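J.: Starting off with a structure, shown below.
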Amino acid sequence: MRSFTLLLMPLIAMTVFPVTAAAEAELQGSAVLALKSDGAAISPEQAKTLSPRELGRALLSEATLPVVEAIVGPQGMEPPAPPGPPAATRVKLYFQPTPATEPGFCQQLVATLFLKPAKPMPDGTSPSWTPRDISTVVSYRWIGEGAPATLTCSAPRTSFFTPEPGEAKQALQAVRLLVSANAAAKHGRRLAFPLSVEDLLGPEMLDFQRKHPKLRPVPGMKIIKDAREALAELPINAITFVGPASRAYPDILQASDLTTLDKHSLRPMTLFLGGEWTVGLVLDQEGITRMRLRRAIPAPF
């Protein structure tokens, strides 16, 4: 049976917010971390017993911010390693979020390193090894301009999105444009681009409720047909992915959305919000030229 558990959590020019020079430097990689050269060897089993802060102190030579979350081994629904030679154990360290240089955003440094692969010992545990191959990325979260960032930056790692290397500038710009469009929809202002919505979740949930009357219905569940209403109610603070539409699944934009006299200047982008919303944006130098919204039960359910 398909699971219906939800991951709850006309004309105005859309303002384009340039990324500042200071932020541009920050976006290229704001921190350099080093592994402890004289650190004690550690096994995956030992790493899992340490608190995030203890694990950070055990593996890194120094860090300005404390580690607040850590994942040792596979993450989420990641498949296990294939059979064959032992694989390195991945360790991901999530540092305390801080206000970003770009107003309205918080940022979180994420470090990834690996414990050297080794055959398990007779008792099934792994030998202790010093870590290797550390890399870092910066994740972001929109909190709103003028918000008290020092009070609202702390949030679980799942509340942040991580742009691909070299694409942070475009990702933050896409978020700002969506925020501007969301505000326009909330205040009844006209939009300078075509907007549509496809609601797959509403009909499926209501049908499920009709077939299972003994289950408690989801409060306020309905079919969303009004695209402006959908845009106004988007969970802007729950963005989990921002990137080129070609690398997103699903990509809800259509070929006709990119048919213009100067299609080479268009940038198709996709954003995922709140686990159930997908936003397809087509951007040009002026702002948004097309927006599609889709609400659906998140994969793989």
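Every chain in the structure tokens has a letter given in the order shown (A, B, ...), and although residue numbers restart at 1 in each chain, ligands are simply numbered from 1 in the order shown.
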Any idea what's packed within 6 Å of stretch 129-139 of chain A, counting only C-alpha atoms, ignoring anything in its chain fewer than 4 positions away? Could you give it as a VMD selection string?

T.: chain A and resid 41 to 42 107 to 115 160 to 162

J.: Dump C-alpha atoms for the selected residues as an mmCIF file, in the first residue's frame?

T.:
data_model
loop_
_atom_site.group_PDB
_atom_site.id
_atom_site.type_symbol
_atom_site.label_atom_id
_atom_site.label_comp_id
_atom_site.auth_asym_id
_atom_site.auth_seq_id
_atom_site.Cartn_x
_atom_site.Cartn_y
_atom_site.Cartn_z
ATOM 1 C CA ALA A 41 43.004 6.118 15.104
ATOM 2 C CA ILE A 42 39.265 5.553 15.263
ATOM 3 C CA GLN A 107 24.558 29.065 6.230
ATOM 4 C CA GLN A 108 25.968 25.796 7.535
ATOM 5 C CA LEU A 109 29.386 24.352 6.843
ATOM 6 C CA VAL A 110 29.336 20.612 6.104
ATOM 7 C CA ALA A 111 32.555 18.560 6.137
ATOM 8 C CA THR A 112 32.871 15.094 4.610
ATOM 9 C CA LEU A 113 35.750 12.707 5.338
ATOM 10 C CA PHE A 114 36.408 8.992 5.107
ATOM 11 C CA LEU A 115 37.776 6.350 7.424
ATOM 12 C CA PHE A 160 19.102 23.514 4.511
ATOM 13 C CA PHE A 161 19.797 23.157 0.789
ATOM 14 C CA THR A 162 23.254 22.623 -0.692
#

J.: Any idea what's packed within 12 Å of A:Gly144, counting only C-alpha atoms, ignoring anything in its chain fewer than 4 positions away? Could you give it as a list of chain:residue names?

T.: A:Pro99, A:Ala100, A:Glu102, A:Pro103, A:Gly104, A:Phe105, A:Cys106, A:Pro148, A:Ala149, A:Thr152, A:Cys153, A:Val175, A:Arg176, A:Val179, A:Ser180, A:Ala183, A:Ile236, A:Asn237, A:Ala238

J.: Stretch 197-202 of chain A: which residues within 9 Å, counting only C-alpha atoms, same-chain residues fewer than 4 positions away excluded, as a PyMOL selection string?

T.: chain A and resi 206-207+221-228+230-231+276+291-297

J.: How would the residues just picked look written out with N, CA and C atoms as an mmCIF file, in the first residue's frame?

T.:
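New file out_31.cif:
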data_model
loop_
_atom_site.group_PDB
_atom_site.id
_atom_site.type_symbol
_atom_site.label_atom_id
_atom_site.label_comp_id
_atom_site.auth_asym_id
_atom_site.auth_seq_id
_atom_site.Cartn_x
_atom_site.Cartn_y
_atom_site.Cartn_z
ATOM 1 N N LEU A 206 -7.510 12.699 -0.577
ATOM 2 C CA LEU A 206 -8.947 12.679 -0.338
ATOM 3 C C LEU A 206 -9.547 11.333 -0.729
ATOM 4 N N ASP A 207 -9.036 10.749 -1.808
ATOM 5 C CA ASP A 207 -9.509 9.426 -2.220
ATOM 6 C C ASP A 207 -9.138 8.377 -1.170
ATOM 7 N N MET A 221 -7.080 19.229 4.417
ATOM 8 C CA MET A 221 -6.697 18.679 3.123
ATOM 9 C C MET A 221 -7.735 19.037 2.064
ATOM 10 N N LYS A 222 -7.274 19.531 0.928
ATOM 11 C CA LYS A 222 -8.150 19.903 -0.175
ATOM 12 C C LYS A 222 -7.361 19.832 -1.474
ATOM 13 N N ILE A 223 -8.079 19.949 -2.576
ATOM 14 C CA ILE A 223 -7.431 20.001 -3.888
ATOM 15 C C ILE A 223 -7.154 21.461 -4.219
ATOM 16 N N ILE A 224 -5.911 21.778 -4.495
ATOM 17 C CA ILE A 224 -5.529 23.158 -4.807
ATOM 18 C C ILE A 224 -5.614 23.368 -6.310
ATOM 19 N N LYS A 225 -6.483 24.267 -6.731
ATOM 20 C CA LYS A 225 -6.663 24.576 -8.148
ATOM 21 C C LYS A 225 -6.218 25.988 -8.503
ATOM 22 N N ASP A 226 -6.123 26.844 -7.501
ATOM 23 C CA ASP A 226 -5.756 28.242 -7.710
ATOM 24 C C ASP A 226 -4.233 28.383 -7.612
ATOM 25 N N ALA A 227 -3.582 28.707 -8.715
ATOM 26 C CA ALA A 227 -2.118 28.789 -8.733
ATOM 27 C C ALA A 227 -1.604 29.913 -7.841
ATOM 28 N N ARG A 228 -2.314 31.035 -7.795
ATOM 29 C CA ARG A 228 -1.880 32.142 -6.933
ATOM 30 C C ARG A 228 -1.970 31.746 -5.466
ATOM 31 N N ALA A 230 -1.658 28.705 -4.339
ATOM 32 C CA ALA A 230 -0.552 27.781 -4.111
ATOM 33 C C ALA A 230 0.757 28.527 -3.927
ATOM 34 N N LEU A 231 1.020 29.526 -4.770
ATOM 35 C CA LEU A 231 2.249 30.309 -4.665
ATOM 36 C C LEU A 231 2.305 31.049 -3.336
ATOM 37 N N GLU A 276 6.805 18.084 -0.377
ATOM 38 C CA GLU A 276 5.715 17.788 -1.300
ATOM 39 C C GLU A 276 5.589 18.772 -2.459
ATOM 40 N N MET A 291 6.639 30.047 -14.378
ATOM 41 C CA MET A 291 6.682 29.286 -13.127
ATOM 42 C C MET A 291 5.617 28.197 -13.172
ATOM 43 N N ARG A 292 6.031 26.987 -12.807
ATOM 44 C CA ARG A 292 5.102 25.869 -12.644
ATOM 45 C C ARG A 292 5.229 25.336 -11.219
ATOM 46 N N LEU A 293 4.109 24.971 -10.634
ATOM 47 C CA LEU A 293 4.065 24.421 -9.291
ATOM 48 C C LEU A 293 3.428 23.039 -9.347
ATOM 49 N N ARG A 294 3.959 22.131 -8.555
ATOM 50 C CA ARG A 294 3.363 20.796 -8.450
ATOM 51 C C ARG A 294 3.413 20.347 -6.992
ATOM 52 N N ARG A 295 2.281 19.824 -6.516
ATOM 53 C CA ARG A 295 2.227 19.229 -5.180
ATOM 54 C C ARG A 295 1.971 17.746 -5.335
ATOM 55 N N ALA A 296 2.838 16.921 -4.752
ATOM 56 C CA ALA A 296 2.725 15.483 -4.907
ATOM 57 C C ALA A 296 3.326 14.799 -3.702
ATOM 58 N N ILE A 297 2.907 13.555 -3.460
ATOM 59 C CA ILE A 297 3.510 12.749 -2.407
ATOM 60 C C ILE A 297 4.966 12.520 -2.773
#

J.: Select, from A:Val91, A:Leu215, A:Val279, A:Ile252, the residue with the minimum atom-to-atom distance to A:Asn182, counting only C-alpha atoms.

T.: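 When distances to A:Asn182 are compared using only C-alpha atoms, the smallest one comes from A:Val279.
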
J.: Looking at A:Lys169, A:Lys36, A:Arg90, A:Lys211, which one is nearest to A:Gly73, with distances taken over only C-alpha atoms?

T.: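 So, comparing all the options, the nearest one is A:Arg90.
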
J.: Can you list every residue in stretch 44-292 of chain A that DSSP puts in strand (DSSP E), as a ChimeraX atom specification?

T.: /A:67-72,89-95,98-99,105-115,131-142,195-199,239-244,267-273,277-283,288-292

J.: Check the DSSP output for the backbone and give back, as a ChimeraX atom specification, the residues of stretch 145-229 of chain A in helix (DSSP H, G or I).

T.: /A:149-152,157-159,168-186,201-211,227-229

J.: Select, from A:Ala47, A:Ile239, A:Ala88, A:Ala58, the residue with the minimum atom-to-atom distance to A:Leu35, counting only C-alpha atoms.

T.: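 Of the candidates, the smallest distance to A:Leu35 is held by A:Ala58.
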
J.: For A:Phe272, list every protein, DNA or RNA residue within 6 Å, evaluated using only C-alpha atoms, and leave out those in the same chain fewer than 3 positions away; present the list as a list in words.

T.: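 The residues that qualify are Ile239, Thr240, Phe241, Trp277 and Thr278 of chain A.
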
J.: Write out as a count of residues only which residues come within 6 Å of A:Val242 when counting only C-alpha atoms, dropping same-chain ones fewer than 5 positions away.

T.: 3

J.: List the neighbours of A:Ala70 out to 7 Å using only C-alpha atoms; skip same-chain residues closer than 5 positions along the sequence, and give me the result as a list in words.

T.: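 Selected residues are Pro52, Lys92, Leu93 and Tyr94 of chain A.
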